[in-house]
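Undergrad: I'm passing along target_23.cif; it holds mmCIF, C-alpha atoms.
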data_coords
#
loop_
_atom_site.label_atom_id
_atom_site.label_comp_id
_atom_site.auth_asym_id
_atom_site.auth_seq_id
_atom_site.Cartn_x
_atom_site.Cartn_y
_atom_site.Cartn_z
CA MET A 1028 -39.69 77.96 -42.60
CA LYS A 1029 -37.17 80.64 -41.66
CA ILE A 1030 -38.28 83.96 -40.23
CA GLN A 1031 -35.52 86.54 -40.25
CA ILE A 1032 -34.78 90.04 -39.05
CA SER A 1033 -31.65 92.16 -39.27
CA THR A 1034 -30.26 92.74 -35.81
CA ILE A 1035 -31.76 95.86 -34.20
CA MET A 1036 -30.19 96.94 -30.94
CA PHE A 1037 -31.54 100.29 -29.81
CA ALA A 1038 -35.02 101.10 -31.12
CA SER A 1039 -36.89 100.28 -27.91
CA LEU A 1040 -35.16 103.12 -26.08
CA ALA A 1041 -36.80 105.92 -28.09
CA SER A 1042 -39.99 106.42 -26.10
CA ARG A 1043 -38.26 106.17 -22.72
CA THR A 1044 -35.60 108.66 -23.76
CA THR A 1045 -38.22 111.09 -25.10
CA ALA A 1046 -40.07 111.06 -21.80
CA PHE A 1047 -36.80 111.46 -19.92
CA ALA A 1048 -35.79 114.41 -22.07
CA ILE A 1049 -39.18 116.13 -21.81
CA ASN A 1050 -39.24 115.73 -18.05
CA ASN A 1051 -35.90 117.49 -17.95
CA ALA A 1052 -36.71 120.09 -20.59
CA ARG A 1053 -35.36 122.89 -18.45
CA ASN A 1054 -31.89 121.53 -19.26
CA ALA A 1055 -32.44 121.16 -22.99
CA ARG A 1056 -31.95 123.81 -25.66
CA ALA A 1057 -31.83 124.29 -29.37
CA ALA A 1058 -29.07 122.62 -31.34
CA VAL A 1059 -25.85 124.57 -31.18
CA THR A 1060 -22.26 123.98 -32.07
CA ARG A 1061 -19.22 124.95 -30.09
CA ALA A 1062 -15.55 124.11 -30.08
CA TYR A 1063 -14.55 121.17 -27.90
CA SER A 1064 -10.92 120.09 -28.10
CA GLY A 1065 -10.76 121.67 -31.52
CA SER A 1066 -13.72 119.80 -33.04
CA PRO A 1067 -17.22 121.16 -33.73
CA LEU A 1068 -19.87 119.28 -31.78
CA LEU A 1069 -23.58 119.16 -32.55
CA TYR A 1070 -25.51 119.08 -29.27
CA ALA A 1071 -28.89 117.59 -28.49
CA LYS A 1072 -31.98 119.41 -29.67
CA ASP A 1073 -35.02 120.14 -27.54
CA GLY A 1074 -36.72 116.88 -26.63
CA GLN A 1075 -33.54 114.83 -27.08
CA ALA A 1076 -31.19 113.24 -24.60
CA GLU A 1077 -27.46 113.85 -24.85
CA VAL A 1078 -26.17 110.31 -25.32
CA ILE A 1079 -22.74 109.07 -24.34
CA LEU A 1080 -21.87 105.71 -25.86
CA VAL A 1081 -19.42 104.05 -23.48
CA GLY A 1082 -17.67 101.14 -25.19
CA CYS A 1083 -18.26 101.20 -28.94
CA GLY A 1084 -16.29 98.18 -30.10
CA ALA A 1085 -15.14 97.46 -33.62
CA PRO A 1086 -17.12 98.62 -36.68
CA ASN A 1087 -19.52 95.94 -37.97
CA ARG A 1088 -18.82 93.79 -34.90
CA GLY A 1089 -19.28 95.59 -31.60
CA MET A 1090 -22.82 95.92 -30.27
CA GLY A 1091 -22.02 99.47 -29.25
CA TRP A 1092 -21.15 100.24 -32.86
CA TYR A 1093 -24.60 99.04 -33.99
CA HIS A 1094 -26.18 101.32 -31.36
CA ALA A 1095 -24.06 104.20 -32.66
CA VAL A 1096 -25.10 103.71 -36.28
CA GLN A 1097 -28.77 103.65 -35.37
CA MET A 1098 -28.53 106.92 -33.45
CA LEU A 1099 -26.37 108.63 -36.06
CA GLU A 1100 -28.90 107.65 -38.74
CA ASP A 1101 -31.80 109.04 -36.64
CA LYS A 1102 -33.37 105.64 -36.04
CA CYS A 1103 -33.93 106.80 -32.45
CA PRO A 1104 -35.20 110.40 -32.81
CA SER A 1105 -35.09 111.15 -29.08
CA ALA A 1106 -31.36 110.38 -28.86
CA SER A 1107 -28.48 112.62 -29.93
CA LEU A 1108 -25.19 110.75 -29.97
CA ASP A 1109 -22.84 113.52 -28.85
CA TYR A 1110 -19.92 111.51 -27.40
CA ILE A 1111 -18.35 108.11 -27.98
CA VAL A 1112 -16.03 106.86 -25.24
CA GLU A 1113 -13.85 103.98 -26.49
CA PRO A 1114 -10.99 103.13 -24.08
CA TRP A 1115 -9.44 100.25 -26.05
CA PHE A 1116 -9.37 101.38 -29.68
CA LEU A 1117 -8.41 104.91 -28.61
CA GLY A 1118 -5.83 103.49 -26.22
CA GLY A 1119 -3.85 100.26 -26.15
CA GLY A 1120 -5.60 98.78 -29.18
CA SER A 1121 -5.20 101.75 -31.50
CA ASP A 1122 -2.36 100.19 -33.51
CA SER A 1123 -4.11 96.88 -34.14
CA PRO A 1124 -5.83 96.22 -37.49
CA ALA A 1125 -9.21 96.58 -35.77
CA GLY A 1126 -7.97 99.80 -34.17
CA GLN A 1127 -7.04 101.16 -37.57
CA ASP A 1128 -10.51 100.26 -38.88
CA PHE A 1129 -11.99 102.08 -35.89
CA LYS A 1130 -9.87 105.17 -36.62
CA THR A 1131 -11.16 105.27 -40.20
CA TRP A 1132 -14.75 105.10 -38.98
CA GLN A 1133 -14.00 107.69 -36.26
CA ASP A 1134 -12.66 110.17 -38.81
CA GLU A 1135 -15.69 109.66 -41.07
CA THR A 1136 -18.13 110.02 -38.18
CA GLU A 1137 -16.51 113.14 -36.75
CA ALA A 1138 -16.50 114.78 -40.18
CA LYS A 1139 -20.10 113.86 -41.03
CA TYR A 1140 -21.88 114.16 -37.67
CA GLY A 1141 -19.58 116.14 -35.38
CA THR A 1142 -19.66 113.40 -32.74
CA LYS A 1143 -16.75 113.70 -30.30
CA PHE A 1144 -14.58 110.63 -29.60
CA THR A 1145 -12.56 110.20 -26.44
CA ALA A 1146 -10.81 107.43 -24.51
CA SER A 1147 -12.17 108.29 -21.06
CA LEU A 1148 -15.28 109.63 -19.38
CA ASP A 1149 -12.96 111.99 -17.50
CA ASP A 1150 -12.50 113.94 -20.74
CA LEU A 1151 -16.18 114.91 -20.97
CA PRO A 1152 -17.50 118.38 -20.14
CA PRO A 1153 -20.49 118.70 -17.78
CA PRO A 1154 -23.86 117.86 -19.38
CA GLU A 1155 -25.86 120.67 -20.95
CA ALA A 1156 -28.85 118.46 -21.79
CA PRO A 1157 -30.34 115.41 -20.06
CA ARG A 1158 -27.46 112.94 -20.23
CA LEU A 1159 -27.99 109.25 -21.01
CA ALA A 1160 -25.08 106.82 -20.88
CA LEU A 1161 -25.33 103.74 -23.07
CA ILE A 1162 -22.84 101.30 -21.57
CA SER A 1163 -21.69 98.62 -23.99
CA GLY A 1164 -18.21 97.89 -22.71
CA ARG A 1165 -16.59 94.68 -21.58
CA THR A 1166 -18.81 92.98 -19.03
CA ALA A 1167 -16.04 93.01 -16.44
CA ASP A 1168 -15.68 96.79 -16.86
CA ASN A 1169 -19.38 97.64 -16.68
CA PRO A 1170 -19.64 98.10 -12.87
CA ARG A 1171 -16.85 100.69 -13.00
CA LEU A 1172 -18.25 102.33 -16.11
CA LEU A 1173 -21.66 102.68 -14.47
CA SER A 1174 -20.08 104.40 -11.46
CA GLU A 1175 -18.10 106.73 -13.71
CA SER A 1176 -21.16 107.51 -15.83
CA ILE A 1177 -23.13 108.51 -12.75
CA ALA A 1178 -20.23 110.63 -11.53
CA HIS A 1179 -20.16 112.43 -14.89
CA GLY A 1180 -23.79 113.47 -14.86
CA ALA A 1181 -25.75 110.60 -16.43
CA LYS A 1182 -29.33 110.60 -15.15
CA CYS A 1183 -30.40 107.55 -17.14
CA ILE A 1184 -28.32 104.50 -18.14
CA TYR A 1185 -29.00 101.90 -20.81
CA LEU A 1186 -26.95 98.89 -19.73
CA GLU A 1187 -26.06 96.21 -22.25
CA LYS A 1188 -26.52 92.60 -21.21
CA PRO A 1189 -25.46 90.81 -19.10
CA GLY A 1190 -24.51 93.98 -17.22
CA ALA A 1191 -21.89 92.53 -14.89
CA PRO A 1192 -20.02 89.27 -14.31
CA THR A 1193 -22.07 88.30 -11.23
CA VAL A 1194 -25.50 88.81 -9.71
CA ALA A 1195 -23.87 90.32 -6.62
CA GLU A 1196 -22.25 93.03 -8.76
CA LEU A 1197 -25.55 93.74 -10.51
CA GLU A 1198 -27.23 94.18 -7.13
CA GLN A 1199 -24.49 96.56 -6.02
CA MET A 1200 -24.86 98.57 -9.24
CA LYS A 1201 -28.63 98.77 -8.72
CA ASN A 1202 -28.16 100.06 -5.18
CA GLU A 1203 -25.65 102.66 -6.37
CA ALA A 1204 -27.99 103.89 -9.11
CA ASP A 1205 -30.98 103.99 -6.75
CA ALA A 1206 -29.01 106.04 -4.24
CA ALA A 1207 -28.05 108.52 -6.97
CA GLY A 1208 -31.57 108.73 -8.38
CA VAL A 1209 -30.41 107.32 -11.71
CA GLU A 1210 -32.72 105.12 -13.79
CA VAL A 1211 -31.09 102.03 -15.31
CA LEU A 1212 -32.72 100.27 -18.26
CA MET A 1213 -31.66 96.77 -19.17
CA GLY A 1214 -33.82 94.75 -21.52
CA TYR A 1215 -33.72 91.70 -23.72
CA ASN A 1216 -35.18 93.08 -26.92
CA LYS A 1217 -35.64 89.80 -28.78
CA ASN A 1218 -38.53 89.02 -26.43
CA VAL A 1219 -40.53 91.71 -28.24
CA CYS A 1220 -39.12 91.24 -31.75
CA LYS A 1221 -41.61 90.64 -34.53
CA TYR A 1222 -39.72 87.65 -35.88
CA VAL A 1223 -39.96 85.89 -32.51
CA ARG A 1224 -43.71 86.47 -32.34
CA LYS A 1225 -44.19 85.28 -35.93
CA THR A 1226 -42.04 82.22 -35.29
CA ARG A 1227 -44.08 81.20 -32.25
CA GLU A 1228 -47.37 81.80 -34.06
CA TYR A 1229 -46.27 79.79 -37.09
CA ALA A 1230 -44.90 76.93 -34.97
CA GLU A 1231 -48.35 76.52 -33.42
CA THR A 1232 -49.74 75.69 -36.88
CA VAL A 1233 -47.17 72.93 -37.55
CA PRO A 1234 -47.84 69.57 -35.85
CA ASN A 1235 -44.89 68.44 -33.67
CA SER A 1236 -42.98 71.56 -34.66
CA HIS A 1237 -39.45 72.30 -33.47
CA VAL A 1238 -38.06 75.85 -33.18
CA THR A 1239 -34.40 76.81 -33.49
CA PHE A 1240 -33.34 80.34 -32.58
CA VAL A 1241 -30.23 81.46 -34.47
CA SER A 1242 -27.95 84.31 -33.39
CA ASN A 1243 -25.06 85.56 -35.52
CA ASN A 1244 -22.19 88.01 -35.16
CA ALA A 1245 -19.94 89.23 -37.95
CA TYR A 1246 -16.46 88.71 -36.53
CA GLU A 1247 -13.75 87.66 -38.95
CA ASN A 1248 -12.91 83.99 -38.61
CA THR A 1249 -9.30 84.68 -37.63
CA PRO A 1250 -7.39 84.07 -34.38
CA GLU A 1251 -6.81 87.80 -33.94
CA SER A 1252 -10.44 88.82 -34.42
CA LEU A 1253 -11.88 86.01 -32.30
CA GLY A 1254 -9.15 86.40 -29.67
CA GLU A 1255 -10.12 90.06 -29.24
CA CYS A 1256 -13.77 88.98 -29.02
CA PHE A 1257 -13.01 86.30 -26.42
CA GLU A 1258 -11.10 88.71 -24.21
CA ARG A 1259 -13.60 91.57 -24.49
CA ASN A 1260 -16.49 89.18 -23.78
CA ALA A 1261 -14.67 87.04 -21.24
CA GLU A 1262 -17.90 85.98 -19.54
CA GLY A 1263 -18.34 83.59 -22.47
CA MET A 1264 -20.71 83.15 -25.40
CA LEU A 1265 -23.64 81.84 -23.36
CA LYS A 1266 -23.65 84.78 -20.94
CA ASN A 1267 -22.86 87.28 -23.66
CA MET A 1268 -24.04 86.61 -27.20
CA ALA A 1269 -26.56 83.80 -26.67
CA ILE A 1270 -28.08 85.29 -23.54
CA HIS A 1271 -30.87 86.79 -25.65
CA GLU A 1272 -31.84 83.33 -26.84
CA LEU A 1273 -31.66 81.96 -23.29
CA ALA A 1274 -34.04 84.74 -22.26
CA LEU A 1275 -36.45 83.59 -24.99
CA LEU A 1276 -36.27 80.03 -23.66
CA VAL A 1277 -37.02 81.21 -20.13
CA SER A 1278 -39.88 83.47 -21.28
CA PHE A 1279 -41.65 81.19 -23.74
CA TYR A 1280 -40.48 77.58 -23.33
CA ASP A 1281 -40.62 76.93 -19.57
CA VAL A 1282 -36.84 76.61 -19.35
CA SER A 1283 -35.45 76.90 -15.83
CA VAL A 1284 -32.74 75.13 -13.89
CA ASP A 1285 -35.29 72.95 -12.11
CA ASN A 1286 -37.25 72.15 -15.28
CA ILE A 1287 -34.42 71.07 -17.61
CA ALA A 1288 -34.64 67.35 -18.35
CA GLU A 1289 -31.85 67.10 -20.92
CA VAL A 1290 -29.37 69.23 -22.85
CA ILE A 1291 -28.23 67.76 -26.16
CA ALA A 1292 -25.07 69.32 -27.63
CA ASP A 1293 -24.56 69.42 -31.38
CA LYS A 1294 -20.86 68.57 -31.30
CA GLU A 1295 -20.55 68.58 -35.09
CA PHE A 1296 -21.61 72.23 -35.31
CA SER A 1297 -20.06 73.52 -32.09
CA SER A 1298 -16.48 74.76 -31.89
CA LEU A 1299 -14.45 75.54 -28.76
CA GLN A 1300 -11.13 77.37 -29.11
CA THR A 1301 -8.38 78.75 -26.89
CA LEU A 1302 -6.95 81.95 -28.38
CA LYS A 1303 -4.76 84.82 -27.27
CA GLY A 1304 -6.44 88.15 -26.68
CA PRO A 1305 -4.86 91.57 -27.20
CA SER A 1306 -3.36 91.33 -23.69
CA GLY A 1307 -1.44 88.19 -24.67
CA LYS A 1308 -3.43 86.04 -22.25
CA ASP A 1309 -5.25 82.88 -23.35
CA PHE A 1310 -9.05 82.83 -23.43
CA THR A 1311 -11.20 79.76 -24.06
CA ASP A 1312 -14.69 80.11 -25.49
CA PHE A 1313 -17.03 78.86 -28.18
CA ASP A 1314 -16.86 80.60 -31.52
CA LYS A 1315 -20.04 78.73 -32.39
CA ILE A 1316 -22.40 76.52 -30.45
CA LYS A 1317 -25.64 74.63 -30.97
CA PHE A 1318 -27.72 72.71 -28.46
CA THR A 1319 -31.25 71.46 -27.79
CA ILE A 1320 -33.00 71.69 -24.43
CA LYS A 1321 -35.77 69.31 -23.39
CA THR A 1322 -37.87 70.26 -20.38
CA LYS A 1323 -39.64 68.08 -17.84
CA THR A 1324 -42.92 69.63 -19.01
CA GLY A 1325 -42.40 68.21 -22.50
CA LYS A 1326 -41.12 71.23 -24.42
CA GLU A 1327 -38.14 71.12 -26.75
CA VAL A 1328 -36.26 74.03 -28.36
CA SER A 1329 -32.83 74.64 -29.90
CA VAL A 1330 -30.32 77.49 -29.91
CA GLN A 1331 -27.57 78.12 -32.45
CA ALA A 1332 -25.00 80.91 -32.16
CA ASP A 1333 -22.07 81.75 -34.43
CA ARG A 1334 -19.58 84.56 -33.86
CA CYS A 1335 -18.71 84.56 -37.56
CA GLY A 1336 -22.16 83.83 -39.00
CA GLY A 1337 -23.12 87.27 -40.28
CA THR A 1338 -25.35 90.12 -39.13
CA ASP A 1339 -28.80 88.51 -38.96
CA SER A 1340 -30.72 86.81 -36.21
CA TYR A 1341 -33.54 84.49 -37.22
CA ALA A 1342 -35.51 81.40 -36.27
CA THR A 1343 -36.42 78.21 -38.12
CA VAL A 1344 -39.45 75.97 -37.71
CA THR A 1345 -39.24 72.31 -38.69
CA ASP A 1346 -41.82 69.55 -38.65
CA ALA A 1347 -41.64 66.08 -37.13
CA SER A 1348 -39.42 64.87 -40.00
CA GLY A 1349 -36.91 67.67 -39.43
CA GLU A 1350 -37.87 69.46 -42.63
CA GLU A 1351 -38.93 73.07 -42.96
CA PRO A 1352 -42.57 73.12 -44.13
CA ALA A 1353 -43.35 75.21 -47.19
CA ALA A 1354 -44.82 78.59 -46.25
CA ALA A 1355 -48.54 78.87 -46.86
#
Please render this file's structure as structure tokens.
TA:
Amino acid sequence: MKIQISTIMFASLASRTTAFAINNARNARAAVTRAYSGSPLLYAKDGQAEVILVGCGAPNRGMGWYHAVQMLEDKCPSASLDYIVEPWFLGGGSDSPAGQDFKTWQDETEAKYGTKFTASLDDLPPPEAPRLALISGRTADNPRLLSESIAHGAKCIYLEKPGAPTVAELEQMKNEADAAGVEVLMGYNKNVCKYVRKTREYAETVPNSHVTFVSNNAYENTPESLGECFERNAEGMLKNMAIHELALLVSFYDVSVDNIAEVIADKEFSSLQTLKGPSGKDFTDFDKIKFTIKTKTGKEVSVQADRCGGTDSYATVTDASGEEPAAA
């Protein structure tokens, strides 16, 4: 049986942002428009946070882009996406095919919603409503982007996983935010997804069941597209894309370093490539990977991730024969 959900990246922030905005209501005001660098901008309404998306990525591929679409379509009512900061596609990557796609989406978004695009946080005016920075840039850039977001008035930060290249950098970022009185939210939303709960409940009804969690991205299967992905996510697929699934394994399947008995790689499915990124440097990473982990406590679970697999995340449950049982 396969239980599926379209990838949702931002919905869990709504209640926290609402509370944040209400607690800072003295800074909020009715929606207004004013000229900013020649473009009309629709500001946050009462009860909304002024959101800055820092690191959007390519349309239909970047996680920041998915966040942007949800806010623009009012899927998170407490968030007003007023600014999008995109250093690469509004800078060195603007002439690339992906950069041209981004420009088309930028023009459509500015015309329809009034959202302001810029290449740097330095271009932003001071906040006039409670400011939330959603940081979805390259992992290596996130420590700097957090510092810059705090310096430019963010009082709350939603930090995309894994947050930073190392634990030491994450600890330093936490200390910086604490000292500035800035709240940082960083969650693994698949832990609370309905499809995960339904998968676990259904697996309990199948004798000797085996669960496989599947994560997909929608990158084009081309050296240019994957090379850009590899460079932007240079920490690698496991620490970037599949980290949500690893969090599920830690939370629900007793997986830890000390408790792993065996890791079985599916070499037929998995693919490792070395490709040139936009900088011209080589980057080596998996474009797809599949493996099974067996624990010393007798649990077994699989993970499958594919950069070019589509837009859906889902899970499958198989029986002892490896077949998917018919749904009741």
Undergrad: What is the distance between CA of Cys1083 in chain A and CA of Ile1111 in chain A, in Å to one decimal?
TA: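 One can read the CA of Cys1083 in chain A to CA of Ile1111 in chain A distance as 7.0 Å.
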Undergrad: Using all atoms listed in the file for the distances, tell me which of A:Ala1191, A:Met1090, A:Leu1161, A:Ala1206 is nearest to Val1078 in chain A.
TA: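 Of A:Ala1191, A:Met1090, A:Leu1161, A:Ala1206, the one nearest Val1078 in chain A, counting all atoms listed in the file, is A:Leu1161.
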Undergrad: Looking at only C-alpha atoms, which of A:Phe1257, A:Asn1218, A:Val1284, A:Asp1073 is the one that sits closest to Gly1307 in chain A?
TA: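 Closest candidate: A:Phe1257.
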Undergrad: Please list as a ChimeraX atom specification every residue within 12 Å of Pro1124 in chain A, counting all atoms listed in the file and excluding residues in the same chain fewer than 3 positions away.
TA: /A:1085-1086,1116,1120-1121,1127-1131,1247,1251-1252,1255,1305
Undergrad: So, with only C-alpha atoms as the atoms that count, which of A:Pro1154, A:Lys1139, A:Arg1224, A:Ala1160 lies closest to Leu1080 in chain A?
TA: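 With only C-alpha atoms as the atom set, the closest residue is A:Ala1160.
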